[in-house]
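The structure file target_31.cif is reproduced below (mmCIF, C-alpha atoms and all ligand atoms).
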data_structure
loop_
_atom_site.group_PDB
_atom_site.id
_atom_site.type_symbol
_atom_site.label_atom_id
_atom_site.label_comp_id
_atom_site.auth_asym_id
_atom_site.auth_seq_id
_atom_site.Cartn_x
_atom_site.Cartn_y
_atom_site.Cartn_z
ATOM 1 C CA MET A 906 -67.885 -3.014 -49.217
ATOM 2 C CA LYS A 907 -71.408 -3.200 -50.659
ATOM 3 C CA ILE A 908 -74.119 -3.634 -48.011
ATOM 4 C CA ALA A 909 -77.736 -4.626 -48.685
ATOM 5 C CA PHE A 910 -80.494 -4.081 -46.131
ATOM 6 C CA ILE A 911 -83.415 -6.442 -46.621
ATOM 7 C CA GLY A 912 -86.195 -4.644 -44.761
ATOM 8 C CA ALA A 913 -85.701 -0.912 -44.497
ATOM 9 C CA GLY A 914 -87.632 0.014 -41.358
ATOM 10 C CA LYS A 915 -86.582 1.814 -38.182
ATOM 11 C CA MET A 916 -83.512 -0.231 -37.298
ATOM 12 C CA ALA A 917 -82.208 -0.292 -40.878
ATOM 13 C CA GLU A 918 -82.624 3.482 -41.044
ATOM 14 C CA ALA A 919 -80.725 3.938 -37.766
ATOM 15 C CA LEU A 920 -77.760 2.136 -39.347
ATOM 16 C CA ILE A 921 -78.080 3.719 -42.792
ATOM 17 C CA ALA A 922 -78.182 7.194 -41.217
ATOM 18 C CA ARG A 923 -74.754 6.688 -39.673
ATOM 19 C CA LEU A 924 -72.927 4.640 -42.275
ATOM 20 C CA THR A 925 -70.684 7.029 -44.138
ATOM 21 C CA ASP A 926 -70.152 5.127 -47.383
ATOM 22 C CA ARG A 927 -73.775 5.471 -48.531
ATOM 23 C CA LYS A 928 -73.082 5.030 -52.225
ATOM 24 C CA ASN A 929 -72.384 1.376 -51.454
ATOM 25 C CA ILE A 930 -75.674 0.801 -49.639
ATOM 26 C CA VAL A 931 -78.764 -0.718 -51.163
ATOM 27 C CA ALA A 932 -82.043 -0.875 -49.251
ATOM 28 C CA ALA A 933 -84.841 -3.285 -50.144
ATOM 29 C CA ASP A 934 -88.346 -3.114 -48.753
ATOM 30 C CA VAL A 935 -91.908 -3.969 -49.727
ATOM 31 C CA SER A 936 -93.006 -0.356 -49.336
ATOM 32 C CA ARG A 937 -92.230 1.948 -52.285
ATOM 33 C CA ALA A 938 -93.047 5.000 -50.169
ATOM 34 C CA ARG A 939 -90.521 3.917 -47.568
ATOM 35 C CA LEU A 940 -87.872 3.399 -50.243
ATOM 36 C CA ARG A 941 -88.593 6.783 -51.842
ATOM 37 C CA PHE A 942 -88.135 8.407 -48.441
ATOM 38 C CA LEU A 943 -84.838 6.620 -47.738
ATOM 39 C CA SER A 944 -83.318 7.256 -51.151
ATOM 40 C CA ALA A 945 -84.286 10.943 -51.000
ATOM 41 C CA LYS A 946 -82.964 11.432 -47.464
ATOM 42 C CA TYR A 947 -79.829 9.278 -47.507
ATOM 43 C CA LYS A 948 -79.074 8.946 -51.227
ATOM 44 C CA VAL A 949 -78.962 5.148 -51.016
ATOM 45 C CA LYS A 950 -80.001 2.853 -53.836
ATOM 46 C CA ALA A 951 -83.520 1.569 -53.140
ATOM 47 C CA LEU A 952 -85.109 -1.568 -54.580
ATOM 48 C CA THR A 953 -88.328 -3.481 -54.106
ATOM 49 C CA ASP A 954 -86.549 -6.615 -55.322
ATOM 50 C CA ASN A 955 -84.865 -8.417 -52.399
ATOM 51 C CA ARG A 956 -83.052 -10.788 -54.747
ATOM 52 C CA ALA A 957 -81.497 -7.968 -56.749
ATOM 53 C CA ALA A 958 -80.404 -6.292 -53.497
ATOM 54 C CA PHE A 959 -78.854 -9.547 -52.330
ATOM 55 C CA ALA A 960 -77.066 -10.085 -55.646
ATOM 56 C CA SER A 961 -75.509 -6.614 -55.569
ATOM 57 C CA ALA A 962 -73.979 -6.867 -52.062
ATOM 58 C CA GLU A 963 -71.175 -8.577 -50.165
ATOM 59 C CA VAL A 964 -72.862 -8.102 -46.796
ATOM 60 C CA VAL A 965 -76.609 -8.673 -46.367
ATOM 61 C CA ILE A 966 -78.337 -7.282 -43.291
ATOM 62 C CA LEU A 967 -81.641 -9.010 -42.578
ATOM 63 C CA ALA A 968 -83.729 -6.294 -40.941
ATOM 64 C CA VAL A 969 -87.307 -7.497 -41.358
ATOM 65 C CA LYS A 970 -89.558 -8.548 -38.468
ATOM 66 C CA PRO A 971 -88.918 -12.109 -37.221
ATOM 67 C CA GLN A 972 -92.232 -13.369 -38.654
ATOM 68 C CA GLN A 973 -91.264 -11.981 -42.095
ATOM 69 C CA LEU A 974 -87.834 -13.605 -42.184
ATOM 70 C CA THR A 975 -88.708 -17.106 -43.400
ATOM 71 C CA GLY A 976 -90.447 -15.659 -46.468
ATOM 72 C CA VAL A 977 -87.439 -13.468 -47.222
ATOM 73 C CA LEU A 978 -84.961 -16.359 -46.856
ATOM 74 C CA ASP A 979 -87.051 -18.635 -49.087
ATOM 75 C CA GLU A 980 -87.255 -15.861 -51.671
ATOM 76 C CA LEU A 981 -83.473 -15.341 -51.633
ATOM 77 C CA ASN A 982 -82.920 -19.086 -51.820
ATOM 78 C CA SER A 983 -84.792 -19.227 -55.114
ATOM 79 C CA ASN A 984 -82.143 -16.982 -56.700
ATOM 80 C CA PHE A 985 -79.525 -18.605 -58.901
ATOM 81 C CA GLU A 986 -76.837 -16.345 -57.416
ATOM 82 C CA PHE A 987 -77.734 -17.515 -53.921
ATOM 83 C CA ARG A 988 -74.863 -20.002 -54.097
ATOM 84 C CA ILE A 989 -72.254 -17.238 -53.998
ATOM 85 C CA SER A 990 -71.147 -17.139 -50.360
ATOM 86 C CA LYS A 991 -71.804 -13.881 -48.468
ATOM 87 C CA LEU A 992 -71.897 -12.523 -44.961
ATOM 88 C CA PHE A 993 -75.433 -12.373 -43.549
ATOM 89 C CA ILE A 994 -76.182 -10.386 -40.408
ATOM 90 C CA SER A 995 -79.620 -10.991 -38.921
ATOM 91 C CA ILE A 996 -81.039 -8.491 -36.450
ATOM 92 C CA ALA A 997 -84.331 -10.392 -36.178
ATOM 93 C CA ALA A 998 -84.952 -10.930 -32.476
ATOM 94 C CA GLY A 999 -85.039 -14.513 -31.246
ATOM 95 C CA ILE A 1000 -84.188 -16.380 -34.471
ATOM 96 C CA PRO A 1001 -81.330 -18.742 -33.652
ATOM 97 C CA LEU A 1002 -78.160 -19.284 -35.675
ATOM 98 C CA SER A 1003 -79.100 -22.950 -36.233
ATOM 99 C CA TYR A 1004 -82.245 -21.872 -38.127
ATOM 100 C CA LEU A 1005 -80.456 -19.119 -40.050
ATOM 101 C CA GLN A 1006 -77.647 -21.464 -41.013
ATOM 102 C CA LYS A 1007 -80.085 -24.112 -42.190
ATOM 103 C CA LYS A 1008 -81.778 -21.543 -44.408
ATOM 104 C CA LEU A 1009 -78.473 -20.002 -45.553
ATOM 105 C CA PRO A 1010 -76.285 -23.005 -46.411
ATOM 106 C CA GLY A 1011 -72.762 -22.073 -47.488
ATOM 107 C CA HIS A 1012 -73.038 -18.516 -46.124
ATOM 108 C CA SER A 1013 -71.492 -16.911 -43.048
ATOM 109 C CA VAL A 1014 -74.110 -15.867 -40.504
ATOM 110 C CA ILE A 1015 -73.963 -13.481 -37.553
ATOM 111 C CA ARG A 1016 -76.841 -12.698 -35.182
ATOM 112 C CA ALA A 1017 -76.993 -9.168 -33.867
ATOM 113 C CA MET A 1018 -79.082 -7.915 -30.958
ATOM 114 C CA PRO A 1019 -79.098 -4.116 -31.156
ATOM 115 C CA ASN A 1020 -81.290 -1.920 -28.967
ATOM 116 C CA ASN A 1021 -83.511 1.108 -29.378
ATOM 117 C CA PRO A 1022 -80.905 3.822 -28.546
ATOM 118 C CA CYS A 1023 -79.097 2.792 -31.771
ATOM 119 C CA LEU A 1024 -81.579 5.254 -33.286
ATOM 120 C CA VAL A 1025 -79.563 8.086 -31.700
ATOM 121 C CA GLY A 1026 -76.106 6.510 -32.010
ATOM 122 C CA ALA A 1027 -76.000 5.405 -28.354
ATOM 123 C CA GLY A 1028 -76.972 1.785 -28.830
ATOM 124 C CA MET A 1029 -75.681 -1.447 -27.366
ATOM 125 C CA THR A 1030 -75.338 -4.331 -29.799
ATOM 126 C CA ALA A 1031 -74.338 -7.885 -28.991
ATOM 127 C CA LEU A 1032 -73.081 -10.096 -31.818
ATOM 128 C CA ALA A 1033 -73.040 -13.905 -31.879
ATOM 129 C CA LYS A 1034 -71.264 -15.567 -34.768
ATOM 130 C CA GLY A 1035 -71.970 -18.792 -36.588
ATOM 131 C CA GLY A 1036 -69.368 -21.464 -37.263
ATOM 132 C CA ARG A 1037 -68.260 -20.297 -40.731
ATOM 133 C CA VAL A 1038 -67.628 -16.667 -39.776
ATOM 134 C CA THR A 1039 -64.035 -15.494 -40.258
ATOM 135 C CA GLY A 1040 -62.192 -12.924 -38.156
ATOM 136 C CA ARG A 1041 -62.465 -10.430 -41.031
ATOM 137 C CA GLU A 1042 -66.231 -10.924 -41.289
ATOM 138 C CA LEU A 1043 -66.658 -10.402 -37.556
ATOM 139 C CA ARG A 1044 -64.625 -7.183 -37.813
ATOM 140 C CA ILE A 1045 -66.911 -6.003 -40.639
ATOM 141 C CA ALA A 1046 -70.001 -6.658 -38.508
ATOM 142 C CA ARG A 1047 -68.453 -4.878 -35.516
ATOM 143 C CA LYS A 1048 -67.591 -1.882 -37.668
ATOM 144 C CA ILE A 1049 -71.163 -1.604 -38.944
ATOM 145 C CA PHE A 1050 -72.718 -1.645 -35.466
ATOM 146 C CA GLU A 1051 -70.021 0.562 -33.939
ATOM 147 C CA GLN A 1052 -71.542 3.353 -36.065
ATOM 148 C CA VAL A 1053 -74.630 3.254 -33.820
ATOM 149 C CA GLY A 1054 -73.107 2.636 -30.402
ATOM 150 C CA GLU A 1055 -71.076 0.040 -28.551
ATOM 151 C CA VAL A 1056 -70.574 -3.570 -29.608
ATOM 152 C CA VAL A 1057 -69.776 -6.775 -27.744
ATOM 153 C CA THR A 1058 -69.299 -10.275 -29.118
ATOM 154 C CA VAL A 1059 -70.887 -13.049 -27.055
ATOM 155 C CA PRO A 1060 -71.597 -16.770 -27.351
ATOM 156 C CA GLU A 1061 -75.099 -17.300 -28.727
ATOM 157 C CA LYS A 1062 -76.242 -18.976 -25.492
ATOM 158 C CA TRP A 1063 -76.031 -15.552 -23.802
ATOM 159 C CA LEU A 1064 -78.280 -13.758 -26.290
ATOM 160 C CA ASP A 1065 -81.499 -14.382 -24.322
ATOM 161 C CA ALA A 1066 -79.957 -12.769 -21.258
ATOM 162 C CA VAL A 1067 -78.634 -9.932 -23.443
ATOM 163 C CA THR A 1068 -82.153 -9.486 -24.848
ATOM 164 C CA GLY A 1069 -83.588 -9.257 -21.324
ATOM 165 C CA LEU A 1070 -80.947 -6.736 -20.272
ATOM 166 C CA SER A 1071 -79.840 -4.391 -23.058
ATOM 167 C CA GLY A 1072 -82.478 -5.369 -25.652
ATOM 168 C CA SER A 1073 -85.504 -4.741 -23.434
ATOM 169 C CA GLY A 1074 -83.609 -2.541 -20.957
ATOM 170 C CA PRO A 1075 -84.330 0.805 -22.630
ATOM 171 C CA ALA A 1076 -88.038 0.253 -21.863
ATOM 172 C CA TYR A 1077 -87.269 -0.168 -18.147
ATOM 173 C CA VAL A 1078 -85.264 3.049 -18.153
ATOM 174 C CA TYR A 1079 -88.009 4.902 -20.057
ATOM 175 C CA GLN A 1080 -90.408 3.741 -17.346
ATOM 176 C CA LEU A 1081 -88.009 4.989 -14.666
ATOM 177 C CA ILE A 1082 -87.950 8.391 -16.407
ATOM 178 C CA GLU A 1083 -91.752 8.405 -16.554
ATOM 179 C CA ALA A 1084 -91.963 7.571 -12.839
ATOM 180 C CA MET A 1085 -89.392 10.218 -11.854
ATOM 181 C CA THR A 1086 -91.287 12.783 -13.922
ATOM 182 C CA ALA A 1087 -94.562 11.803 -12.237
ATOM 183 C CA GLY A 1088 -92.863 12.039 -8.825
ATOM 184 C CA GLY A 1089 -91.685 15.597 -9.550
ATOM 185 C CA ALA A 1090 -95.058 16.623 -10.963
ATOM 186 C CA ARG A 1091 -96.827 15.247 -7.869
ATOM 187 C CA LEU A 1092 -94.761 17.633 -5.768
ATOM 188 C CA GLY A 1093 -95.958 20.568 -7.857
ATOM 189 C CA LEU A 1094 -93.204 20.925 -10.468
ATOM 190 C CA PRO A 1095 -94.453 21.786 -13.962
ATOM 191 C CA ARG A 1096 -94.485 18.494 -15.927
ATOM 192 C CA LYS A 1097 -92.116 19.772 -18.625
ATOM 193 C CA LEU A 1098 -89.565 20.843 -16.044
ATOM 194 C CA ALA A 1099 -89.937 17.551 -14.131
ATOM 195 C CA ALA A 1100 -89.347 15.620 -17.388
ATOM 196 C CA LYS A 1101 -86.216 17.642 -18.149
ATOM 197 C CA LEU A 1102 -84.828 17.024 -14.663
ATOM 198 C CA ALA A 1103 -85.610 13.291 -14.872
ATOM 199 C CA VAL A 1104 -84.054 12.780 -18.338
ATOM 200 C CA GLN A 1105 -80.873 14.675 -17.560
ATOM 201 C CA THR A 1106 -80.523 12.871 -14.215
ATOM 202 C CA VAL A 1107 -80.692 9.432 -15.854
ATOM 203 C CA PHE A 1108 -78.408 10.539 -18.691
ATOM 204 C CA GLY A 1109 -75.925 12.135 -16.259
ATOM 205 C CA ALA A 1110 -75.871 9.163 -13.901
ATOM 206 C CA ALA A 1111 -75.140 6.748 -16.779
ATOM 207 C CA ALA A 1112 -72.483 9.146 -18.129
ATOM 208 C CA ALA A 1113 -70.875 9.363 -14.670
ATOM 209 C CA VAL A 1114 -70.609 5.576 -14.395
ATOM 210 C CA LYS A 1115 -69.102 5.390 -17.887
ATOM 211 C CA ALA A 1116 -66.709 8.322 -17.551
ATOM 212 C CA THR A 1117 -65.365 7.502 -14.074
ATOM 213 C CA GLY A 1118 -65.263 3.715 -14.491
ATOM 214 C CA ARG A 1119 -66.394 3.500 -10.873
ATOM 215 C CA GLU A 1120 -68.906 1.010 -9.540
ATOM 216 C CA PRO A 1121 -72.460 2.433 -9.419
ATOM 217 C CA ALA A 1122 -72.566 1.420 -5.731
ATOM 218 C CA GLU A 1123 -69.514 3.625 -5.056
ATOM 219 C CA LEU A 1124 -71.064 6.615 -6.842
ATOM 220 C CA ARG A 1125 -74.324 5.980 -4.978
ATOM 221 C CA ALA A 1126 -72.473 6.015 -1.667
ATOM 222 C CA MET A 1127 -70.876 9.345 -2.644
ATOM 223 C CA VAL A 1128 -74.283 11.026 -2.946
ATOM 224 C CA THR A 1129 -75.829 9.361 0.100
ATOM 225 C CA SER A 1130 -74.937 11.094 3.326
ATOM 226 C CA PRO A 1131 -76.166 9.662 6.637
ATOM 227 C CA GLY A 1132 -79.313 11.458 7.774
ATOM 228 C CA GLY A 1133 -79.598 13.221 4.391
ATOM 229 C CA THR A 1134 -82.317 13.343 1.755
ATOM 230 C CA THR A 1135 -81.092 10.626 -0.628
ATOM 231 C CA ILE A 1136 -81.061 7.906 2.026
ATOM 232 C CA GLU A 1137 -84.756 8.588 2.652
ATOM 233 C CA GLY A 1138 -85.499 7.910 -1.015
ATOM 234 C CA LEU A 1139 -83.245 4.850 -1.166
ATOM 235 C CA ASN A 1140 -84.950 3.383 1.909
ATOM 236 C CA VAL A 1141 -88.276 3.531 0.095
ATOM 237 C CA LEU A 1142 -86.754 1.838 -2.962
ATOM 238 C CA ALA A 1143 -85.349 -0.921 -0.731
ATOM 239 C CA ARG A 1144 -88.710 -1.406 1.048
ATOM 240 C CA ARG A 1145 -90.468 -1.615 -2.341
ATOM 241 C CA ARG A 1146 -87.858 -4.100 -3.644
ATOM 242 C CA PHE A 1147 -86.699 -1.868 -6.520
ATOM 243 C CA SER A 1148 -83.558 -3.916 -7.306
ATOM 244 C CA GLY A 1149 -85.422 -7.221 -6.971
ATOM 245 C CA ALA A 1150 -88.092 -5.984 -9.395
ATOM 246 C CA VAL A 1151 -85.487 -4.972 -11.991
ATOM 247 C CA ILE A 1152 -83.670 -8.310 -11.665
ATOM 248 C CA GLU A 1153 -86.989 -10.160 -12.090
ATOM 249 C CA ALA A 1154 -87.912 -8.031 -15.107
ATOM 250 C CA ILE A 1155 -84.666 -8.956 -16.857
ATOM 251 C CA ALA A 1156 -85.192 -12.648 -16.042
ATOM 252 C CA ALA A 1157 -88.796 -12.546 -17.338
ATOM 253 C CA ALA A 1158 -87.776 -10.897 -20.622
ATOM 254 C CA ALA A 1159 -84.945 -13.412 -21.079
ATOM 255 C CA LYS A 1160 -87.359 -16.285 -20.406
ATOM 256 C CA LYS A 1161 -89.743 -14.968 -23.072
ATOM 257 C CA SER A 1162 -86.837 -14.620 -25.509
ATOM 258 C CA ARG A 1163 -85.918 -18.270 -24.874
ATOM 259 C CA ALA A 1164 -89.521 -19.368 -25.392
ATOM 260 C CA LEU A 1165 -89.783 -17.425 -28.683
ATOM 261 C CA ALA A 1166 -86.480 -18.880 -29.904
ATOM 262 C CA ARG A 1167 -87.835 -22.395 -29.305
ATOM 263 C CA GLN A 1168 -90.325 -21.898 -32.156
ATOM 264 C CA TRP A 1169 -87.390 -21.720 -34.539
ATOM 265 C CA ALA A 1170 -85.409 -24.600 -33.090
ATOM 266 C CA VAL A 1171 -83.854 -26.858 -35.691
HETATM 267 N N1 LIG A 1201 -86.464 -1.477 -33.276
HETATM 268 C C1 LIG A 1201 -85.670 -1.981 -32.318
HETATM 269 O O1 LIG A 1201 -85.404 -1.352 -31.286
HETATM 270 C C2 LIG A 1201 -85.045 -3.357 -32.475
HETATM 271 C C3 LIG A 1201 -84.130 -3.801 -31.499
HETATM 272 C C4 LIG A 1201 -83.539 -5.062 -31.665
HETATM 273 C C5 LIG A 1201 -83.856 -5.844 -32.766
HETATM 274 N N2 LIG A 1201 -84.778 -5.390 -33.673
HETATM 275 C C6 LIG A 1201 -85.105 -6.261 -34.804
HETATM 276 O O2 LIG A 1201 -84.914 -5.541 -35.993
HETATM 277 C C7 LIG A 1201 -85.804 -6.039 -36.987
HETATM 278 C C8 LIG A 1201 -86.446 -4.854 -37.665
HETATM 279 O O3 LIG A 1201 -87.133 -4.100 -36.676
HETATM 280 P P1 LIG A 1201 -87.690 -2.658 -37.008
HETATM 281 O O4 LIG A 1201 -88.137 -2.075 -35.723
HETATM 282 O O5 LIG A 1201 -86.736 -1.925 -37.888
HETATM 283 O O6 LIG A 1201 -88.992 -3.103 -37.859
HETATM 284 P P2 LIG A 1201 -89.760 -2.308 -38.996
HETATM 285 O O7 LIG A 1201 -89.630 -0.837 -38.778
HETATM 286 O O8 LIG A 1201 -91.143 -2.913 -39.088
HETATM 287 O O9 LIG A 1201 -88.935 -2.676 -40.325
HETATM 288 C C9 LIG A 1201 -89.114 -3.827 -41.095
HETATM 289 C C10 LIG A 1201 -89.317 -3.380 -42.541
HETATM 290 O O10 LIG A 1201 -89.273 -4.523 -43.397
HETATM 291 C C11 LIG A 1201 -90.358 -4.391 -44.338
HETATM 292 N N3 LIG A 1201 -90.699 -5.702 -44.892
HETATM 293 C C12 LIG A 1201 -91.717 -6.542 -44.543
HETATM 294 N N4 LIG A 1201 -91.696 -7.659 -45.296
HETATM 295 C C13 LIG A 1201 -90.663 -7.522 -46.159
HETATM 296 C C14 LIG A 1201 -90.136 -8.327 -47.194
HETATM 297 N N5 LIG A 1201 -90.676 -9.520 -47.498
HETATM 298 N N6 LIG A 1201 -89.064 -7.879 -47.882
HETATM 299 C C15 LIG A 1201 -88.507 -6.683 -47.596
HETATM 300 N N7 LIG A 1201 -88.972 -5.867 -46.623
HETATM 301 C C16 LIG A 1201 -90.023 -6.275 -45.914
HETATM 302 C C17 LIG A 1201 -91.442 -3.788 -43.510
HETATM 303 O O11 LIG A 1201 -92.491 -3.286 -44.295
HETATM 304 P P3 LIG A 1201 -93.983 -3.305 -43.649
HETATM 305 O O12 LIG A 1201 -93.942 -2.358 -42.499
HETATM 306 O O13 LIG A 1201 -94.842 -2.842 -44.781
HETATM 307 O O14 LIG A 1201 -94.259 -4.720 -43.224
HETATM 308 C C18 LIG A 1201 -90.670 -2.704 -42.768
HETATM 309 O O15 LIG A 1201 -90.512 -1.534 -43.549
HETATM 310 C C19 LIG A 1201 -86.810 -6.961 -36.287
HETATM 311 O O16 LIG A 1201 -86.536 -8.296 -36.625
HETATM 312 C C20 LIG A 1201 -86.571 -6.721 -34.823
HETATM 313 O O17 LIG A 1201 -86.725 -7.918 -34.082
HETATM 314 C C21 LIG A 1201 -85.360 -4.161 -33.565
#
As structure tokens, how would this structure be written, given the file I've shared?
Ligand SMILES: NC(=O)c1ccc[n+]([C@@H]2O[C@H](COP(=O)([O-])OP(=O)(O)OC[C@H]3O[C@@H](n4cnc5c(N)ncnc54)[C@H](OP(=O)(O)O)[C@@H]3O)[C@@H](O)[C@H]2O)c1
Amino acid sequence: MKIAFIGAGKMAEALIARLTDRKNIVAADVSRARLRFLSAKYKVKALTDNRAAFASAEVVILAVKPQQLTGVLDELNSNFEFRISKLFISIAAGIPLSYLQKKLPGHSVIRAMPNNPCLVGAGMTALAKGGRVTGRELRIARKIFEQVGEVVTVPEKWLDAVTGLSGSGPAYVYQLIEAMTAGGARLGLPRKLAAKLAVQTVFGAAAAVKATGREPAELRAMVTSPGGTTIEGLNVLARRRFSGAVIEAIAAAAKKSRALARQWAV
């Protein structure tokens, strides 16, 4: 299966780095330096010509910034071979299937919302498929994103909520790690040690939820003894509306995602 990446930035590299069949990958980008780097490191074919990359592939991954996408689609559309039907996967945040399908008539289109931990193979990607997409094409898309983490398929109407939660979510967790580190440092721990304790605590807590399959509330209760230390900390979080703040943050990010998507409404 030949795969073309149009736009070969951070997210494209995260995928390229983990796809095993690299001889079938072509990366296209405006930056020659970027392409030189990728072809040297990953031995992929690199092109500055988006149309040639498109023509050589069965699956086209659109990995440019949202504001660059219209230009790329118009450029591809001017290619004679554009009429040959392919599977397009767009990772551009906020650009709806209706717009993509209008610009890609006759092609199958899937929207993907990956997140930043894809860079280390621990990502969360949600896929939403357009009307023409076959079961085989969806399996191909799943297989690609399974190389960089977990994958779910959702109706497109959920993608704004997904963006607010798993798309923007890593930033909330990074902020939690920063705050835990600052809390340790304020009590006199060396900053490096505090950071190590904070990172491993967040990593371990997430791993415990995943590995045990238990509810976070159940695991929380297991480490919270009456009159102990943890309950003191949790009481502060409750007084400062920690959960409410997180819920509001997710809602605000989802609202912004909806507003951005409106610009592209067809
Ligand atoms: N990074 C994430 O965590 C994340 C998460 C979810 C979704 N996404 C989505 O993934 C997409 C890519 O994000 P990214 O972080 O990988 O961005 P990025 O690092 O900026 O990569 C985009 C690449 O495309 C190149 N490019 C610009 N115009 C082009 C054109 N006309 N033809 C070919 N290549 C072109 C850019 O070059 P220049 O830099 O020279 O412009 C850049 O190398 C975005 O749409 C974003 O919404 C990213």
Close residues to ligand LIG 1201 (chain A) using all atoms listed in the file, limit 8 Å, as a PyMOL selection string:
chain A and resi 911-918+933-936+939+953-955+967-974+976-977+995-999+1017-1024+1072
Take the PyMOL selection byres (((chain A and resi 1001) around 12) and not hetatm), run it mentally on this structure, and tell me the resulting residues as a ChimeraX atom specification.
/A:971,974,994-1000,1002-1008,1014-1018,1033-1035,1060-1065,1162-1171
To one decimal place in Å, what is the distance between atom CA of A:Arg1044 and atom CA of A:Ala957?
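Going from atom CA of A:Arg1044 over to atom CA of A:Ala957, I get 25.4 Å.
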Write out as a VMD selection string the residues lying within 9 Å of A:Thr1086, counting all atoms listed in the file and excluding same-chain residues fewer than 4 positions away.
chain A and resid 1081 to 1082 1090 to 1091 1096 to 1104
Using all atoms listed in the file, the best pick from A:Ile908, A:Ala1112, A:Leu1142, A:Ala919 as closest to A:Val1053 would be A:Ala919
